[in-house]
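Working notes, structure below.
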Amino acid sequence: MSAAENVVTVIWDTWLRSGTEAEGLRLTRQVWADMRSFKGYVSHQIFVDRDAPGHIIALAKWRNRADADAVREKYKDSETIRELTQLLARPRDRWLLRED
């Protein structure tokens with residue numbers, strides 16, 4: 001298996017409560033700015049739903065699943081995540097994918 005085949009794409013699906021869209025997007029941007037400093041981080045993109053601005057999807061690439069999972073475990077209790085969690089309309093979903 002080549003290094004490119006180990007790369008994992010993680011999709012985070014976030015739904016914010018009405019009225020918290022701007023703060024939620026700010027915190028989401030902060031999360032991904034922080035990710036740049038972690039081992040295994042490759043890249044990310046943030047998408048905001050045009051029809052539902054409280055719906056944010058982050059698509060991130062990690063060197064491998066072990067790195068993605070380790071960072072999730074390490075970062076889950078950060079102040080940024082605590083603040084973001086308070087704004088959620090429902091728990092965030094996370095999917096781990098490979099390119100076909």
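In the structure tokens, chains take the letters A, B, ... in the order shown, each chain's residues start at 1, and ligands count up from 1 in the order shown.
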
Item to complete: Would you return as a ChimeraX atom specification the members of chain A that DSSP assigns to strand (DSSP E) on this structure's backbone?
Response: /A:8-15,41-48,55-62,93-97

Practice prompt. Select from chain A everything DSSP, run on the backbone, classes as helix (DSSP H, G or I), then give the selection as number ranges by chain.
Written response: A: 3-6, 21-35, 65-75, 79-85

Please save N, CA and C atoms of the selected residues as a short mmCIF file (atom, residue, chain, number, x, y, z; two decimals), in the first residue's frame.
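Result went into result.cif, see below:
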```
data_model
loop_
_atom_site.label_atom_id
_atom_site.label_comp_id
_atom_site.auth_asym_id
_atom_site.auth_seq_id
_atom_site.Cartn_x
_atom_site.Cartn_y
_atom_site.Cartn_z
N ALA A 3 1.79 5.41 0.36
CA ALA A 3 1.44 6.42 1.37
C ALA A 3 0.12 7.10 1.01
N ALA A 4 -0.10 7.34 -0.29
CA ALA A 4 -1.34 7.99 -0.71
C ALA A 4 -2.56 7.13 -0.38
N GLU A 5 -2.40 5.81 -0.40
CA GLU A 5 -3.51 4.93 -0.10
C GLU A 5 -3.84 4.91 1.40
N ASN A 6 -2.91 5.33 2.24
CA ASN A 6 -3.15 5.39 3.68
C ASN A 6 -3.91 6.65 4.08
N GLU A 21 -24.62 31.12 14.23
CA GLU A 21 -23.87 30.78 13.01
C GLU A 21 -22.50 31.47 12.94
N ALA A 22 -22.45 32.76 13.21
CA ALA A 22 -21.17 33.48 13.09
C ALA A 22 -20.15 32.97 14.10
N GLU A 23 -20.57 32.81 15.33
CA GLU A 23 -19.66 32.31 16.37
C GLU A 23 -19.26 30.86 16.09
N GLY A 24 -20.20 30.06 15.63
CA GLY A 24 -19.89 28.67 15.30
C GLY A 24 -18.89 28.56 14.17
N LEU A 25 -19.02 29.40 13.17
CA LEU A 25 -18.07 29.39 12.07
C LEU A 25 -16.69 29.86 12.54
N ARG A 26 -16.67 30.88 13.40
CA ARG A 26 -15.40 31.35 13.95
C ARG A 26 -14.70 30.22 14.72
N LEU A 27 -15.44 29.51 15.54
CA LEU A 27 -14.86 28.42 16.32
C LEU A 27 -14.42 27.26 15.42
N THR A 28 -15.22 26.97 14.40
CA THR A 28 -14.84 25.91 13.45
C THR A 28 -13.53 26.28 12.76
N ARG A 29 -13.40 27.52 12.35
CA ARG A 29 -12.14 27.97 11.74
C ARG A 29 -10.98 27.83 12.72
N GLN A 30 -11.23 28.12 14.00
CA GLN A 30 -10.18 27.99 15.01
C GLN A 30 -9.76 26.53 15.18
N VAL A 31 -10.73 25.63 15.22
CA VAL A 31 -10.42 24.20 15.32
C VAL A 31 -9.44 23.81 14.21
N TRP A 32 -9.76 24.20 12.99
CA TRP A 32 -8.94 23.76 11.86
C TRP A 32 -7.62 24.51 11.77
N ALA A 33 -7.56 25.72 12.27
CA ALA A 33 -6.26 26.41 12.39
C ALA A 33 -5.38 25.65 13.37
N ASP A 34 -5.98 25.19 14.47
CA ASP A 34 -5.23 24.41 15.46
C ASP A 34 -4.75 23.08 14.90
N MET A 35 -5.54 22.45 14.04
CA MET A 35 -5.19 21.13 13.51
C MET A 35 -3.87 21.15 12.74
N ARG A 65 -5.41 6.95 9.58
CA ARG A 65 -6.49 6.94 10.57
C ARG A 65 -5.96 7.07 11.99
N ALA A 66 -4.83 6.44 12.26
CA ALA A 66 -4.27 6.50 13.62
C ALA A 66 -4.01 7.95 14.03
N ASP A 67 -3.45 8.74 13.13
CA ASP A 67 -3.21 10.16 13.43
C ASP A 67 -4.52 10.91 13.64
N ALA A 68 -5.50 10.68 12.76
CA ALA A 68 -6.79 11.36 12.88
C ALA A 68 -7.46 11.02 14.21
N ASP A 69 -7.43 9.74 14.57
CA ASP A 69 -8.06 9.32 15.82
C ASP A 69 -7.31 9.86 17.04
N ALA A 70 -5.98 9.87 16.98
CA ALA A 70 -5.18 10.36 18.12
C ALA A 70 -5.43 11.85 18.36
N VAL A 71 -5.51 12.61 17.29
CA VAL A 71 -5.76 14.05 17.44
C VAL A 71 -7.17 14.29 17.96
N ARG A 72 -8.12 13.53 17.47
CA ARG A 72 -9.50 13.67 17.97
C ARG A 72 -9.53 13.44 19.48
N GLU A 73 -8.88 12.41 19.93
CA GLU A 73 -8.85 12.09 21.36
C GLU A 73 -8.16 13.19 22.16
N LYS A 74 -7.06 13.70 21.62
CA LYS A 74 -6.27 14.71 22.32
C LYS A 74 -6.99 16.06 22.37
N TYR A 75 -7.73 16.40 21.32
CA TYR A 75 -8.31 17.73 21.16
C TYR A 75 -9.76 17.82 21.67
N GLU A 79 -10.74 23.88 24.96
CA GLU A 79 -11.67 24.99 25.21
C GLU A 79 -12.48 25.31 23.95
N THR A 80 -11.84 25.28 22.80
CA THR A 80 -12.55 25.57 21.54
C THR A 80 -13.67 24.58 21.31
N ILE A 81 -13.43 23.30 21.53
CA ILE A 81 -14.47 22.29 21.35
C ILE A 81 -15.57 22.46 22.40
N ARG A 82 -15.21 22.79 23.62
CA ARG A 82 -16.23 23.03 24.66
C ARG A 82 -17.15 24.18 24.25
N GLU A 83 -16.56 25.25 23.73
CA GLU A 83 -17.36 26.40 23.31
C GLU A 83 -18.24 26.05 22.11
N LEU A 84 -17.67 25.33 21.15
CA LEU A 84 -18.43 24.95 19.96
C LEU A 84 -19.58 24.01 20.33
N THR A 85 -19.35 23.09 21.21
CA THR A 85 -20.37 22.12 21.62
C THR A 85 -21.61 22.82 22.18
#
```

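Across the model, the gap from CA of Asp93 in chain A to CA of Gly40 in chain A is 21.0 Å.
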
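Compared by their closest atoms to Val10 in chain A, and using only C-alpha atoms, the residues A:Ser78, A:Arg90, A:Pro53, A:Leu97 rank with A:Leu97 nearest.
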
Discussion item. My list of candidates is A:Lys76, A:Lys39, A:His55, A:Arg63. Which is closest to Val8 in chain A when distances are computed with only C-alpha atoms?
Written reply: A:Arg63

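Taking CA of Asn64 in chain A and CA of Asp13 in chain A as the two end points, the separation is 19.9 Å.
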
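CA of Thr9 in chain A lies 14.7 Å from CA of Phe47 in chain A.
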
Worksheet item: From the set A:Thr14, A:Ser37, A:Thr20, A:Gln86, which residue has the shortest atom-to-atom contact distance to Ala58 in chain A, counting only C-alpha atoms?
Response: A:Thr14
